[in-house]
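S.K.: Below is one structure. I have some questions about it.
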Amino acid sequence: MGNRSNLSIVDDIRQGDGKMYGAELLRDLLKLLPDAEERRSPFKKKTWRRRSTSRSNALCFASHRFDVRIEAIVLREEFSPSCAVMSREIDVVRVATKELMSCEELHAILHLVLQAGNIMNAGGYAGNAAGFKLSSLLSLADTKANKPGMNLLHFVAMEAKKKDETLLKFPEKLQDVQSAARISVENIEVEFSSLYVRIKTLEVKVQGDEELLQQLEPFLQNSSRTLQDLKRRRLDLRKEGNALIDFFCEDTETFKLDECFRIFQDFCLKFKKAVKVSCREFITFC
C-alpha cells in the first residue's frame with residue numbers, strides 16, 4: 001500500500017476511497033481481519049492479535065465495521081466492469097440467436113442435409129425422417145457418400161451449389177455465432193447471481209448504519225437499476241434462446257444454447273472446408 005501511513009489508509013477506507021489500492025490488495029487485507037468468531041471470543045481475539053501484522057491490527061481497530069467498508073469498496077470496484085462484460089456478452093448472444101433464426105441460407109442447407117440423409121437411408125427405418133438432431137451435423141464429414149472419396153458434407157455442398165451458389169456462403173452471415181460460441185451463457189447466469197447476492201448482502205449489512213448508508217446509497221441505488229436492466233435482458237435472452245431451441249426441434253430442458261452455438265461454429269468450419277475440398281477434388285463441382 002505504498003508509503004501511506006496506517007492512519008491515512010484508515011481514513012481512505014473510512015471515506016470509501018480505495019481506488020489507489022485496488023480490489024486485489026483490499027481482498028488480501030480483508031482476509032487479515034478477524035472473522036465474526038474471533039471478534040466475539042476474547043481468547044481468539046488475542047490469538048488473532050498475535051498472528052496479525054501491526055498494520056492490519058491498526059486498521060481493524062481504527063474503524064467501525066471495517067470489514068463491511070472494504071467489502072463495499074471491492075464490490076464498487078468490480079461491479080461496473082463485471083456488468084459491462086455481461087452486457088456485452090448478452091448482446092452478442094442475442095444477436096447470434098437472431099442470426100440463426102433468420103438465416104434463410106442456413107435453413108436451406110439444413111433442408112438439404114435432411115434430404116441427403118433420407119436419400120442415404122432410403123428403404124430403412126430412418127429413410128423418411130422429418131428432422132434430425134443438431135449434433136448429427138458434426139458427423140456429416142465422417143459419413144461416406146455414394147462416390148469414392150466423397151462424404152455426405154461434400155454431397156450437401158454440391159447440391160447447394162446446384163440449387164443456389166449463394167447458399168455456400170451462409171457462414172458469412174453467422175459472424176456473431178462464431179463469437180457467441182466463445183461465450184458461456186451459463187457463466188452469465190452464475191455471474192449475475194453472484195453480483196445480485198453480493199449487492200443484496202451489502203444492503204442488509206449497512207442497514208442501521210447511517211454513515212455507511214449515506215456513503216453507499218448512490219452506489220446501491222445505481223447498482224439496483226443496473227441489475228434490474230440486466231435481469232430483464234437476461235430473461236429476454238432466455239426466452240429467445242428457448243425459442244431458437246424450439247425452432248430446431250430440440251428439447252429446451254436438456255439442450256443448451258452454449259451447445260447450439262458450438263455445433264454451428266464447428267459446422268460452419270467443416271462446411272467451408274468441404275466446399276474447398278469439393279472444388280479441388282471434384283472438378284464438375286466448380
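Naming scheme: A, B, ... for chains in displayed order of the C-alpha cells; residues 1 onward per chain; ligands 1 onward as shown.
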Do a neighbour search on Gly131 in chain A at 9 Å with only C-alpha atoms, toss out local chain neighbours closer than 6 positions, and write the hits as a count of residues only.

M.R.: 4

S.K.: Kindly give the distance, in Å, that separates CA of Arg94 in chain A and CA of Leu168 in chain A, rounded to a single decimal.

M.R.: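 Going from CA of Arg94 in chain A over to CA of Leu168 in chain A, I get 24.3 Å.
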
S.K.: Please identify the alpha helix (DSSP H) residues within range 81-169 of chain A (assignment by DSSP from backbone atoms) and present them as a VMD selection string.

M.R.: chain A and resid 81 to 102 104 to 120 152 to 163

S.K.: Export C-alpha atoms of the chosen residues as a PDB file, in the first residue's frame?

M.R.:
ATOM      1  CA  PRO A  81     -16.571  -3.981 -15.175  1.00  0.00           C
ATOM      2  CA  SER A  82     -18.480  -7.197 -14.446  1.00  0.00           C
ATOM      3  CA  CYS A  83     -21.763  -5.679 -15.612  1.00  0.00           C
ATOM      4  CA  ALA A  84     -20.116  -4.307 -18.748  1.00  0.00           C
ATOM      5  CA  VAL A  85     -18.809  -7.769 -19.655  1.00  0.00           C
ATOM      6  CA  MET A  86     -22.196  -9.379 -19.013  1.00  0.00           C
ATOM      7  CA  SER A  87     -23.977  -6.698 -21.011  1.00  0.00           C
ATOM      8  CA  ARG A  88     -21.663  -7.151 -23.981  1.00  0.00           C
ATOM      9  CA  GLU A  89     -21.964 -10.939 -23.857  1.00  0.00           C
ATOM     10  CA  ILE A  90     -25.757 -10.807 -23.629  1.00  0.00           C
ATOM     11  CA  ASP A  91     -25.840  -8.554 -26.700  1.00  0.00           C
ATOM     12  CA  VAL A  92     -23.595 -10.918 -28.680  1.00  0.00           C
ATOM     13  CA  VAL A  93     -25.642 -13.981 -27.747  1.00  0.00           C
ATOM     14  CA  ARG A  94     -28.951 -12.305 -28.588  1.00  0.00           C
ATOM     15  CA  VAL A  95     -27.672 -11.158 -31.988  1.00  0.00           C
ATOM     16  CA  ALA A  96     -26.290 -14.649 -32.664  1.00  0.00           C
ATOM     17  CA  THR A  97     -29.654 -16.152 -31.758  1.00  0.00           C
ATOM     18  CA  LYS A  98     -31.372 -13.863 -34.258  1.00  0.00           C
ATOM     19  CA  GLU A  99     -28.801 -14.787 -36.916  1.00  0.00           C
ATOM     20  CA  LEU A 100     -29.598 -18.481 -36.586  1.00  0.00           C
ATOM     21  CA  MET A 101     -33.332 -17.824 -36.579  1.00  0.00           C
ATOM     22  CA  SER A 102     -33.293 -15.588 -39.644  1.00  0.00           C
ATOM     23  CA  GLU A 104     -32.542 -18.496 -44.783  1.00  0.00           C
ATOM     24  CA  GLU A 105     -29.382 -19.815 -46.420  1.00  0.00           C
ATOM     25  CA  LEU A 106     -28.618 -21.887 -43.333  1.00  0.00           C
ATOM     26  CA  HIS A 107     -32.175 -23.184 -43.227  1.00  0.00           C
ATOM     27  CA  ALA A 108     -31.903 -24.222 -46.878  1.00  0.00           C
ATOM     28  CA  ILE A 109     -28.642 -26.059 -46.140  1.00  0.00           C
ATOM     29  CA  LEU A 110     -30.259 -27.877 -43.220  1.00  0.00           C
ATOM     30  CA  HIS A 111     -33.110 -28.924 -45.509  1.00  0.00           C
ATOM     31  CA  LEU A 112     -30.547 -30.322 -47.946  1.00  0.00           C
ATOM     32  CA  VAL A 113     -28.905 -32.210 -45.077  1.00  0.00           C
ATOM     33  CA  LEU A 114     -32.272 -33.755 -44.239  1.00  0.00           C
ATOM     34  CA  GLN A 115     -32.872 -34.704 -47.871  1.00  0.00           C
ATOM     35  CA  ALA A 116     -29.392 -36.199 -48.186  1.00  0.00           C
ATOM     36  CA  GLY A 117     -29.922 -38.254 -45.052  1.00  0.00           C
ATOM     37  CA  ASN A 118     -33.244 -39.551 -46.306  1.00  0.00           C
ATOM     38  CA  ILE A 119     -31.714 -40.493 -49.669  1.00  0.00           C
ATOM     39  CA  MET A 120     -28.877 -42.319 -47.952  1.00  0.00           C
ATOM     40  CA  LEU A 152     -22.078 -36.540 -47.002  1.00  0.00           C
ATOM     41  CA  LEU A 153     -20.971 -32.966 -46.356  1.00  0.00           C
ATOM     42  CA  HIS A 154     -19.313 -32.821 -49.797  1.00  0.00           C
ATOM     43  CA  PHE A 155     -22.562 -34.065 -51.285  1.00  0.00           C
ATOM     44  CA  VAL A 156     -24.604 -31.413 -49.459  1.00  0.00           C
ATOM     45  CA  ALA A 157     -22.222 -28.685 -50.646  1.00  0.00           C
ATOM     46  CA  MET A 158     -22.525 -29.898 -54.241  1.00  0.00           C
ATOM     47  CA  GLU A 159     -26.305 -29.973 -54.037  1.00  0.00           C
ATOM     48  CA  ALA A 160     -26.304 -26.476 -52.540  1.00  0.00           C
ATOM     49  CA  LYS A 161     -24.240 -25.163 -55.452  1.00  0.00           C
ATOM     50  CA  LYS A 162     -26.659 -26.724 -57.939  1.00  0.00           C
ATOM     51  CA  LYS A 163     -29.601 -25.128 -56.193  1.00  0.00           C
TER      52      LYS A 163
END

S.K.: Between A:Lys133, A:Lys169, A:Arg76, A:Arg65, which one has atoms that come closest to Phe271 in chain A, using only C-alpha atoms?

M.R.: A:Lys169

S.K.: Just to confirm, what's the straight-line distance from CA of Lys231 in chain A to CA of Val190 in chain A in Å (one decimal)?

M.R.: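 Rounded to one decimal, the two atoms are 12.3 Å apart.
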
S.K.: Range 200-202 of chain A: which residues within 12 Å, counting only C-alpha atoms, same-chain residues fewer than 3 positions away excluded, as a PyMOL selection string?

M.R.: chain A and resi 67-76+193-197+205-207+209+212-213+216-217+219-221+223-224+227

S.K.: For each of A:Ser80, A:Ser278, A:Gln265, A:Ser135, take the minimum atom-to-atom distance to Ser179 in chain A, counting only C-alpha atoms, then give the residue where this is smallest.

M.R.: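 Closest residue, counting only C-alpha atoms: A:Gln265.
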
S.K.: Just how far from CA of Gly241 in chain A is CA of Leu257 in chain A, in Å to one decimal?

M.R.: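 Going from CA of Leu257 in chain A over to CA of Gly241 in chain A, I get 6.3 Å.
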